[in-house]
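Data block below; observations after.
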Amino acid sequence: MRVDKKYKGLVIKKFNEFFLVEVNPNKSFDGNKKFLCKLKKSVNFRNQFVFVGDEVILFQIDLKSKRAIIESLVKRNNFLERPSVANISNIYVICSVDEPKLNLSQINKFLISAEQLGVEVSLVLTKCDLITEEKRLLLIEKFHQWGYQAITLNLNNPENLRTLLIELKKKKCSIFMGPSGVGKTTLLNMIIPG
């Protein structure tokens, strides 16, 4: 069954020449809200590429095969080159306090890179169960002096994780950035199991 109307959707995954696009859940078709899409061949995107986070207009939506065509790209608000993400509402810079050790110079580079987009930037400190409470409080104060209200995550106290989850649900398009081994994937798996 094909839907004749056009709908706005959000690109949530990109692979090769295909895009997974989620249509507004309020406009889902019998529970279908994600469609595998390709770009309309006759449309000139003026040398712009479509990325995760882009809003697009879909047409020729086929409910049975869960496929559609991307007709056009909605104007984007911003774009981060690495990783390639568009229309970011906020960035979470993730850093561990231990294993690997906290590197203030590295954190500074990530924060500067994130601030250049002109979006809300938050700092998340992971593995706080590996340091003393005194050191955790000193780090919170240090980053407060830098102008950031650091979120500290501790495996022994899941309350801050719950607070982060509530905060993330209010955001439109959040991304995590930070060095390798700081717990980004672990954090994502806790937020979105599987």
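Quick note on naming: the chains in the structure tokens go A, B, ... in the order shown, residues restart at 1 in each chain, and ligands are numbered from 1 in order of appearance.
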Pick out the residues sitting within 7 Å of Gly178 (chain A), and hand them over as a tab-separated table (two decimals) with C-alpha atoms, in the first residue's frame; count only C-alpha atoms, and ignore anything fewer than 3 positions along from it in its own chain.
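Saved as around_21.tsv:
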chain	number	residue	atom	x	y	z
A	93	VAL	CA	31.43	15.78	26.14
A	94	ILE	CA	32.13	12.47	27.89
A	95	CYS	CA	35.36	12.00	29.87
A	110	PHE	CA	36.68	18.68	22.93
Please provide as a list in words all residues within 12 Å of Lys41 (chain A), with the sequence filter that same-chain residues fewer than 5 positions apart are discarded (counting only C-alpha atoms).
->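 Answer for this query is Glu17, Ile69, Ile70, Glu71 and Ser72 of chain A.
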For all heavy atoms, I'd like the residues from the last selection saved as a compact mmCIF listing (two decimals), in the first residue's frame.
# COMPACT_ATOMS: atom_id res chain seq x y z
N GLU A 17 24.20 4.22 0.10
CA GLU A 17 23.28 5.17 -0.53
C GLU A 17 21.89 5.12 0.09
O GLU A 17 20.95 5.70 -0.46
CB GLU A 17 23.20 4.88 -2.03
CG GLU A 17 24.51 5.10 -2.75
CD GLU A 17 24.41 4.79 -4.23
OE1 GLU A 17 23.29 4.69 -4.76
OE2 GLU A 17 25.48 4.64 -4.84
N ILE A 69 11.02 7.51 -0.73
CA ILE A 69 11.99 8.30 -1.48
C ILE A 69 12.16 9.65 -0.77
O ILE A 69 11.18 10.27 -0.35
CB ILE A 69 11.51 8.56 -2.93
CG1 ILE A 69 11.24 7.24 -3.66
CG2 ILE A 69 12.51 9.41 -3.69
CD1 ILE A 69 12.46 6.42 -3.96
N ILE A 70 13.41 10.10 -0.64
CA ILE A 70 13.68 11.43 -0.10
C ILE A 70 13.58 12.42 -1.24
O ILE A 70 14.35 12.38 -2.20
CB ILE A 70 15.08 11.51 0.55
CG1 ILE A 70 15.14 10.57 1.75
CG2 ILE A 70 15.41 12.94 0.96
CD1 ILE A 70 16.52 10.45 2.38
N GLU A 71 12.58 13.31 -1.14
CA GLU A 71 12.36 14.30 -2.19
C GLU A 71 13.23 15.53 -2.02
O GLU A 71 13.76 16.08 -2.98
CB GLU A 71 10.89 14.73 -2.19
CG GLU A 71 10.59 15.76 -3.26
CD GLU A 71 9.18 16.30 -3.16
OE1 GLU A 71 8.90 17.01 -2.19
OE2 GLU A 71 8.40 16.00 -4.07
N SER A 72 13.37 15.99 -0.76
CA SER A 72 14.15 17.20 -0.54
C SER A 72 14.70 17.24 0.89
O SER A 72 14.24 16.52 1.76
CB SER A 72 13.31 18.45 -0.81
OG SER A 72 12.19 18.48 0.06
Backbone DSSP call of strand (DSSP E) for region 15-152 of chain A, listed as JSON, numbers by chain | {"A": [15, 18, 19, 20, 21, 22, 23, 34, 35, 36, 37, 38, 39, 55, 56, 57, 58, 59, 60, 61, 62, 67, 68, 69, 70, 71, 72, 73, 79, 80, 85, 86, 90, 91, 92, 93, 94, 95, 96, 120, 121, 122, 123, 124, 125, 126, 151, 152]}
Check region 13-157 of chain A with DSSP on the backbone and list each residue it calls alpha helix (DSSP H), as a PyMOL selection string.
-> chain A and resi 104-115+133-146
With N, CA, C and O atoms kept, could you save the residues just selected as a compact mmCIF listing (two decimals), in the first residue's frame?
# COMPACT_ATOMS: atom_id res chain seq x y z
N LEU A 104 43.07 16.98 31.08
CA LEU A 104 42.44 18.30 31.01
C LEU A 104 42.67 18.98 29.65
O LEU A 104 41.77 19.64 29.13
N SER A 105 43.83 18.79 29.08
CA SER A 105 44.13 19.38 27.77
C SER A 105 43.20 18.80 26.70
O SER A 105 42.67 19.52 25.85
N GLN A 106 43.00 17.49 26.77
CA GLN A 106 42.12 16.81 25.81
C GLN A 106 40.67 17.26 26.00
O GLN A 106 39.96 17.51 25.02
N ILE A 107 40.22 17.36 27.25
CA ILE A 107 38.86 17.83 27.52
C ILE A 107 38.67 19.23 26.96
O ILE A 107 37.65 19.54 26.35
N ASN A 108 39.68 20.07 27.16
CA ASN A 108 39.62 21.45 26.67
C ASN A 108 39.42 21.48 25.16
O ASN A 108 38.60 22.25 24.64
N LYS A 109 40.13 20.62 24.42
CA LYS A 109 39.99 20.57 22.96
C LYS A 109 38.58 20.14 22.55
O LYS A 109 37.99 20.71 21.63
N PHE A 110 38.04 19.13 23.24
CA PHE A 110 36.68 18.68 22.93
C PHE A 110 35.66 19.78 23.22
O PHE A 110 34.73 20.00 22.45
N LEU A 111 35.82 20.47 24.34
CA LEU A 111 34.88 21.54 24.70
C LEU A 111 34.92 22.69 23.70
O LEU A 111 33.88 23.21 23.30
N ILE A 112 36.13 23.08 23.28
CA ILE A 112 36.26 24.16 22.30
C ILE A 112 35.61 23.75 20.98
O ILE A 112 34.87 24.53 20.37
N SER A 113 35.86 22.52 20.54
CA SER A 113 35.26 22.01 19.30
C SER A 113 33.73 22.03 19.39
O SER A 113 33.04 22.44 18.45
N ALA A 114 33.20 21.61 20.54
CA ALA A 114 31.74 21.57 20.72
C ALA A 114 31.15 22.97 20.79
O ALA A 114 30.11 23.24 20.20
N GLU A 115 31.81 23.88 21.48
CA GLU A 115 31.29 25.25 21.65
C GLU A 115 31.22 26.00 20.33
O GLU A 115 30.40 26.90 20.17
N GLU A 133 35.38 10.61 46.98
CA GLU A 133 34.34 11.65 46.96
C GLU A 133 34.99 13.03 46.99
O GLU A 133 34.53 13.96 46.32
N GLU A 134 36.08 13.17 47.72
CA GLU A 134 36.78 14.45 47.81
C GLU A 134 37.31 14.87 46.43
O GLU A 134 37.15 16.02 46.02
N LYS A 135 37.90 13.94 45.71
CA LYS A 135 38.41 14.25 44.37
C LYS A 135 37.27 14.58 43.41
O LYS A 135 37.39 15.47 42.58
N ARG A 136 36.17 13.85 43.53
CA ARG A 136 35.00 14.12 42.67
C ARG A 136 34.50 15.55 42.89
O ARG A 136 34.24 16.28 41.94
N LEU A 137 34.41 15.97 44.15
CA LEU A 137 33.95 17.33 44.46
C LEU A 137 34.92 18.38 43.96
O LEU A 137 34.51 19.44 43.48
N LEU A 138 36.23 18.09 44.03
CA LEU A 138 37.24 19.02 43.50
C LEU A 138 37.09 19.18 41.99
O LEU A 138 37.20 20.29 41.45
N LEU A 139 36.82 18.07 41.29
CA LEU A 139 36.62 18.14 39.83
C LEU A 139 35.36 18.93 39.48
O LEU A 139 35.37 19.72 38.53
N ILE A 140 34.29 18.70 40.24
CA ILE A 140 33.06 19.45 39.99
C ILE A 140 33.33 20.95 40.14
O ILE A 140 32.89 21.76 39.31
N GLU A 141 34.08 21.33 41.17
CA GLU A 141 34.40 22.74 41.40
C GLU A 141 35.30 23.29 40.28
O GLU A 141 35.09 24.40 39.81
N LYS A 142 36.29 22.50 39.86
CA LYS A 142 37.19 22.93 38.78
C LYS A 142 36.38 23.23 37.51
O LYS A 142 36.55 24.27 36.87
N PHE A 143 35.49 22.32 37.13
CA PHE A 143 34.73 22.51 35.89
C PHE A 143 33.67 23.60 36.05
O PHE A 143 33.31 24.26 35.08
N HIS A 144 33.21 23.81 37.27
CA HIS A 144 32.30 24.93 37.54
C HIS A 144 33.03 26.25 37.27
O HIS A 144 32.45 27.17 36.69
N GLN A 145 34.30 26.32 37.62
CA GLN A 145 35.10 27.51 37.35
C GLN A 145 35.32 27.69 35.85
O GLN A 145 35.49 28.80 35.37
N TRP A 146 35.31 26.60 35.10
CA TRP A 146 35.42 26.67 33.64
C TRP A 146 34.09 27.09 33.00
O TRP A 146 34.02 27.34 31.82
Within 12 Å of Arg76 (chain A) using only C-alpha atoms, minus same-chain residues under 3 positions, as a PyMOL selection string = chain A and resi 10+48-56+72-73+79-80+85-89
Dump N, CA and C atoms for the selected residues as an mmCIF file, in the first residue's frame?
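Below is the file part-v8.cif, written as the result:
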data_model
loop_
_atom_site.group_PDB
_atom_site.id
_atom_site.type_symbol
_atom_site.label_atom_id
_atom_site.label_comp_id
_atom_site.auth_asym_id
_atom_site.auth_seq_id
_atom_site.Cartn_x
_atom_site.Cartn_y
_atom_site.Cartn_z
ATOM 1 N N LEU A 10 13.051 12.329 9.963
ATOM 2 C CA LEU A 10 14.382 12.583 10.496
ATOM 3 C C LEU A 10 15.295 11.422 10.123
ATOM 4 N N GLN A 48 25.034 19.253 -1.701
ATOM 5 C CA GLN A 48 24.881 18.958 -0.277
ATOM 6 C C GLN A 48 24.617 17.468 -0.126
ATOM 7 N N PHE A 49 25.166 16.918 0.917
ATOM 8 C CA PHE A 49 24.920 15.517 1.219
ATOM 9 C C PHE A 49 23.909 15.445 2.356
ATOM 10 N N VAL A 50 23.241 14.315 2.456
ATOM 11 C CA VAL A 50 22.275 14.096 3.532
ATOM 12 C C VAL A 50 22.985 13.315 4.629
ATOM 13 N N PHE A 51 22.808 13.765 5.880
ATOM 14 C CA PHE A 51 23.482 13.142 7.012
ATOM 15 C C PHE A 51 22.487 12.807 8.110
ATOM 16 N N VAL A 52 22.926 12.000 9.065
ATOM 17 C CA VAL A 52 22.125 11.720 10.255
ATOM 18 C C VAL A 52 21.812 13.049 10.927
ATOM 19 N N GLY A 53 20.563 13.207 11.348
ATOM 20 C CA GLY A 53 20.123 14.455 11.972
ATOM 21 C C GLY A 53 19.415 15.390 11.010
ATOM 22 N N ASP A 54 19.560 15.163 9.711
ATOM 23 C CA ASP A 54 18.876 16.012 8.723
ATOM 24 C C ASP A 54 17.384 15.708 8.707
ATOM 25 N N GLU A 55 16.594 16.755 8.533
ATOM 26 C CA GLU A 55 15.163 16.579 8.300
ATOM 27 C C GLU A 55 14.960 16.564 6.794
ATOM 28 N N VAL A 56 14.132 15.634 6.334
ATOM 29 C CA VAL A 56 13.906 15.449 4.907
ATOM 30 C C VAL A 56 12.409 15.316 4.640
ATOM 31 N N SER A 72 13.368 15.987 -0.762
ATOM 32 C CA SER A 72 14.154 17.197 -0.535
ATOM 33 C C SER A 72 14.700 17.238 0.885
ATOM 34 N N LEU A 73 15.669 18.096 1.063
ATOM 35 C CA LEU A 73 16.331 18.300 2.342
ATOM 36 C C LEU A 73 15.806 19.589 2.953
ATOM 37 N N PHE A 79 25.975 21.830 11.492
ATOM 38 C CA PHE A 79 26.555 20.588 10.996
ATOM 39 C C PHE A 79 27.899 20.365 11.677
ATOM 40 N N LEU A 80 28.096 19.173 12.188
ATOM 41 C CA LEU A 80 29.366 18.775 12.779
ATOM 42 C C LEU A 80 30.022 17.808 11.806
ATOM 43 N N VAL A 85 27.109 14.817 11.619
ATOM 44 C CA VAL A 85 25.767 14.907 12.183
ATOM 45 C C VAL A 85 25.232 16.306 11.938
ATOM 46 N N ALA A 86 23.948 16.407 11.589
ATOM 47 C CA ALA A 86 23.320 17.699 11.327
ATOM 48 C C ALA A 86 22.260 18.010 12.377
ATOM 49 N N ASN A 87 21.932 19.275 12.502
ATOM 50 C CA ASN A 87 20.838 19.760 13.362
ATOM 51 C C ASN A 87 20.984 19.324 14.820
ATOM 52 N N ILE A 88 22.157 19.524 15.351
ATOM 53 C CA ILE A 88 22.443 19.137 16.735
ATOM 54 C C ILE A 88 21.834 20.161 17.675
ATOM 55 N N SER A 89 21.150 19.689 18.710
ATOM 56 C CA SER A 89 20.600 20.604 19.710
ATOM 57 C C SER A 89 21.552 20.762 20.885
#
Considering only C-alpha atoms, tabulate each residue of region 8-103 of chain A that lies at most 10 Å from region 179-187 of chain A along with its nearest interatomic pair and the corresponding distance in Å to one decimal; arrange the rows by chain and ascending residue number and present them as JSON lines.
{"residue": "A:Tyr92", "atom": "CA", "partner": "A:Lys184", "partner_atom": "CA", "distance": 9.9}
{"residue": "A:Val93", "atom": "CA", "partner": "A:Pro179", "partner_atom": "CA", "distance": 9.1}
{"residue": "A:Ile94", "atom": "CA", "partner": "A:Lys184", "partner_atom": "CA", "distance": 6.7}
{"residue": "A:Cys95", "atom": "CA", "partner": "A:Val182", "partner_atom": "CA", "distance": 5.4}
{"residue": "A:Ser96", "atom": "CA", "partner": "A:Val182", "partner_atom": "CA", "distance": 4.8}
{"residue": "A:Val97", "atom": "CA", "partner": "A:Val182", "partner_atom": "CA", "distance": 8.4}
{"residue": "A:Asp98", "atom": "CA", "partner": "A:Val182", "partner_atom": "CA", "distance": 8.5}
{"residue": "A:Glu99", "atom": "CA", "partner": "A:Val182", "partner_atom": "CA", "distance": 7.6}
{"residue": "A:Pro100", "atom": "CA", "partner": "A:Gly181", "partner_atom": "CA", "distance": 6.8}
{"residue": "A:Lys101", "atom": "CA", "partner": "A:Val182", "partner_atom": "CA", "distance": 9.2}
{"residue": "A:Leu102", "atom": "CA", "partner": "A:Val182", "partner_atom": "CA", "distance": 9.4}
{"residue": "A:Asn103", "atom": "CA", "partner": "A:Pro179", "partner_atom": "CA", "distance": 9.7}
Measure the distance from CA of Phe59 (chain A) to CA of Phe18 (chain A) in Å and round it to one decimal.
-> 15.0 Å
Mind checking which residues fall within 7 Å of Asn90 (chain A), counting only C-alpha atoms, ignoring those fewer than 4 positions away in the same chain, and posting them as a list in words?
-> Val119, Glu120, Val121, Cys173, Ser174 and Ile175 of chain A
Using only C-alpha atoms, which residues sit within 9 Å of Asn154 (chain A) once same-chain residues fewer than 5 positions away are excluded, as an MDAnalysis selection string?
-> chainID A and resid 125:130 159:161
Quick one: distance from CA of Ile91 (chain A) to CA of Gly9 (chain A) in Å, one decimal?
->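 Taking CA of Ile91 (chain A) as the start and CA of Gly9 (chain A) as the end point, the length is 21.6 Å.
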